[in-house]
Structures are given as C-alpha cells and as structure tokens.
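J.: The structure that follows is given in the form of structure tokens.
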Amino acid sequence: MKKGIAFFDFDGTVTTKDTLLEFIKYSRGTLPFYAGFLLKSPYLAAYKLKLIPNQTAKEKVLTYFFKGMPLDEFQLKCEGFALEILPGLLRKSALEEIRELQQKGIDVVIVSASPENWIRQWASSIHASLIATRLELKDGKLTGNILDKNCYGEEKVRRIKEVYHLNEYQDIYAYGDSSGDKPMLSLAKYPHYKPFR
C-alpha cells in the first residue's frame, strides 16, 4: 500500500490573509495595530528590500506588540482568534483538498511561519499535524523573540526532515503560495504553487 503525506503552507495558501497581521488586529485593536506598524515600518521596508532577514523583521513586530505578555493571557487571545476570526479566513477549496487527501489515507501536515499558538487548535480539529514557528518564553512571558529559527524557507525543510523520514513516503504533496514555500515544494512529487486562487 502506498504511503502518502501532504505539506500545506498556512498563510495565503489555506487562508486568504496573513494570520499574524489579523491576530495582532484582533488582540491589540485596529488603531494600535496601524500605529505599531507605522513605528516599525523602517524594519518592514528593510525586509522588503532584502536588507534584513524575515526573522529580524518579525521579531521587531512581535516584541513591540507582545513582549512581557504572560503565556496564559497570550494563549487565551490565540484561542479566541482561532474560534472567532480564523474560520472566516479559511479557503473552502483548500479545506476540500485536505479532506480529499485524508479520505485517501494521506497524512496532512500544516507547515507555517506563523506562531503555532493560534494554529494548533484548528489543525487538531481537522486531524492534521502541525509544524510552525515557536515563540521564546522567559519566566512564563513572551520575550518577542522566536525560539530557534522562523519556520520559513529552508527552515521549513529542516523542520519537516526533523520529524518525518521522507524516504518512507512514496507520494509527497506540497502546497504553497510564496518564495518562502519553494524549498518545501521542492521536496514533493506533486508540488502545487498558488493552487487555491
């Protein structure tokens, strides 16, 4: 019997929007969201110009909005977001594809650069595994830093290989929508770039 596995990027592939941005709006409010991004715009511009890495820009944003927040408070906000906002951001065609693959006995793994905290509950509800960015804690509070590396680009491949022996799978599917997904797509026998537009 053939063994299959499918890796799905989350933001922009399974969802219609970047969930980090939507989570900040939800948890901090729209006005503070725009004020914060205005203050951090030099870092975002530097990232767009490839002067600083994705992780540096993301940590500047996370630090501004969440540094010092207790994990239990942060997790409550994540769970609220997962219940109230996330369902409205999911692409119907992506969910249908996930269900079809699972009906064929193919394992589904969500692989995301967004923090695992607001994706975990949803991934569990659809019986998918999760590999995502992990946030650093100190004394039970967020530092604003990412633990190890942002789960983006080559780091997606490294994290996948840390968990799965890909030579055990005859059929490997991958779904992504950005340059940060291309290393993951290169692992697949069946790569899909921007498939749900």
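Order determines the names: the first chain of the structure tokens is A, the second B, and so forth; residues in each chain are numbered 1 upward, and ligands are numbered 1 upward as they are shown.
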What are the nearest atom pairs, with distances in Å to one decimal, for all residues of segment 45-65 of chain A that come at most 10 Å from segment 108-113 of chain A, using only C-alpha atoms, set out by chain and rising residue number as a tab-separated table?
T.:
residue	atom	partner	partner_atom	distance
A:Asn54	CA	A:Ala113	CA	9.9
A:Gln55	CA	A:Ala113	CA	9.5
A:Lys58	CA	A:Ala113	CA	10.0
J.: Now that the selection is made, can you save its residues with N, CA and C atoms as a tab-separated table (two decimals), in the first residue's frame?
T.:
chain	number	residue	atom	x	y	z
A	54	ASN	N	13.77	37.89	7.20
A	54	ASN	CA	12.37	37.76	7.62
A	54	ASN	C	12.27	37.68	9.15
A	55	GLN	N	13.13	36.88	9.76
A	55	GLN	CA	13.05	36.67	11.22
A	55	GLN	C	13.27	37.96	12.00
A	58	LYS	N	10.17	40.13	11.78
A	58	LYS	CA	9.06	39.54	12.54
A	58	LYS	C	9.28	39.73	14.04
J.: List the neighbours of Lys141 of chain A out to 8 Å using only C-alpha atoms; skip same-chain residues closer than 3 positions along the sequence, and give me the result as a PyMOL selection string.
T.: chain A and resi 67-71+137-138
J.: Keeping only C-alpha atoms, take the residues you just selected and write them out as a PDB file, in the first residue's frame.
T.:
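After the write, selection08.pdb holds the following:
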ATOM      1  CA  LYS A  67       6.934  41.371  24.828  1.00  0.00           C
ATOM      2  CA  GLY A  68       6.229  40.715  28.506  1.00  0.00           C
ATOM      3  CA  MET A  69       2.761  39.234  27.941  1.00  0.00           C
ATOM      4  CA  PRO A  70       2.156  36.156  30.131  1.00  0.00           C
ATOM      5  CA  LEU A  71       1.772  32.988  28.074  1.00  0.00           C
ATOM      6  CA  LEU A 137       9.447  32.426  26.752  1.00  0.00           C
ATOM      7  CA  LYS A 138      11.217  33.755  29.834  1.00  0.00           C
TER       8      LYS A 138
END
J.: Could you give me, as a ChimeraX atom specification, the residues within 6 Å of Ile172 of chain A, counting only C-alpha atoms and dropping anything in the same chain fewer than 5 positions from it?
T.: /A:4-6,188-189
J.: Please identify the helix (DSSP H, G or I) residues within segment 16-70 of chain A (assignment by DSSP from backbone atoms) and present them as JSON, numbers by chain.
T.: {"A": [19, 20, 21, 22, 23, 24, 25, 26, 27, 28, 30, 31, 32, 33, 34, 35, 36, 37, 38, 39, 41, 42, 43, 44, 45, 46, 47, 48, 54, 55, 56, 57, 58, 59, 60, 61, 62, 63, 64, 65, 66]}
J.: May I ask which of the residues A:Leu101, A:Ile119, A:Ala57, A:Ile106 is the closest one to Gly80 of chain A, counting only C-alpha atoms?
T.: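 Among the listed residues, the smallest separation from Gly80 of chain A belongs to A:Ile119.
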J.: Give me the residues near segment 165-170 of chain A as a PDB file with C-alpha atoms, in the first residue's frame, where near means some atom within 12 Å (using only C-alpha atoms) and where sequence neighbours in that chain fewer than 3 positions away do not count.
T.:
ATOM      1  CA  MET A   1       0.000   0.000   0.000  1.00  0.00           C
ATOM      2  CA  LYS A   2       1.340   3.437  -0.950  1.00  0.00           C
ATOM      3  CA  LYS A   3       2.156   5.758   1.937  1.00  0.00           C
ATOM      4  CA  GLY A   4       1.440   9.444   1.287  1.00  0.00           C
ATOM      5  CA  ILE A   5       1.992  12.747   3.035  1.00  0.00           C
ATOM      6  CA  ALA A   6       0.938  16.313   2.176  1.00  0.00           C
ATOM      7  CA  PHE A   7       2.542  19.520   3.462  1.00  0.00           C
ATOM      8  CA  ILE A 106      -2.727  10.632   3.131  1.00  0.00           C
ATOM      9  CA  ASP A 107      -1.284  12.315   6.230  1.00  0.00           C
ATOM     10  CA  VAL A 157      12.502  21.727   5.037  1.00  0.00           C
ATOM     11  CA  ARG A 158      14.785  21.274   8.054  1.00  0.00           C
ATOM     12  CA  ARG A 159      11.832  21.058  10.461  1.00  0.00           C
ATOM     13  CA  ILE A 160       9.969  18.604   8.186  1.00  0.00           C
ATOM     14  CA  LYS A 161      13.016  16.331   7.960  1.00  0.00           C
ATOM     15  CA  GLU A 162      13.451  16.535  11.735  1.00  0.00           C
ATOM     16  CA  TYR A 173       2.401  16.523  -1.924  1.00  0.00           C
ATOM     17  CA  LEU A 187      10.521  18.054  -1.651  1.00  0.00           C
ATOM     18  CA  ALA A 188       7.293  16.984  -3.331  1.00  0.00           C
ATOM     19  CA  LYS A 189       6.472  14.554  -6.080  1.00  0.00           C
ATOM     20  CA  TYR A 190       3.318  16.642  -6.535  1.00  0.00           C
TER      21      TYR A 190
END
J.: Would you give me, as a VMD selection string, the residues in segment 82-114 of chain A that DSSP reads as strand (DSSP E)?
T.: chain A and resid 107 to 114
J.: Restricting the calculation to only C-alpha atoms, which member of A:Lys50, A:Lys17, A:Arg91, A:Arg28 is positioned closest to Pro195 of chain A?
T.: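 For Pro195 of chain A, the nearest of the candidates is A:Arg91.
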J.: What is the distance, in Å and to one decimal place, between atom CA of Leu21 of chain A and atom CA of Gly140 of chain A?
T.: 23.5 Å
J.: Taking 5 positions as the minimum chain separation for residues in the same chain, which residues sit within 10 Å of Leu62 of chain A when counting only C-alpha atoms? Answer as an mmCIF file with C-alpha atoms, in the first residue's frame.
T.:
data_model
loop_
_atom_site.group_PDB
_atom_site.id
_atom_site.type_symbol
_atom_site.label_atom_id
_atom_site.label_comp_id
_atom_site.auth_asym_id
_atom_site.auth_seq_id
_atom_site.Cartn_x
_atom_site.Cartn_y
_atom_site.Cartn_z
ATOM 1 C CA LEU A 20 -0.143 37.172 12.101
ATOM 2 C CA ILE A 24 -2.457 41.457 16.034
ATOM 3 C CA THR A 56 14.521 40.024 12.293
ATOM 4 C CA ALA A 57 11.531 41.964 10.946
ATOM 5 C CA LYS A 67 6.934 41.371 24.828
ATOM 6 C CA LEU A 135 7.942 31.681 20.441
ATOM 7 C CA LEU A 142 6.832 36.171 25.798
ATOM 8 C CA THR A 143 10.148 37.842 25.012
ATOM 9 C CA GLY A 144 9.157 38.848 21.474
ATOM 10 C CA ASN A 145 11.855 36.582 20.074
ATOM 11 C CA ILE A 146 11.435 33.398 18.049
#
J.: Quick one: distance from atom CA of Ile131 of chain A to atom CA of Gly153 of chain A in Å, one decimal?
T.: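 These atoms are spaced 13.1 Å apart.
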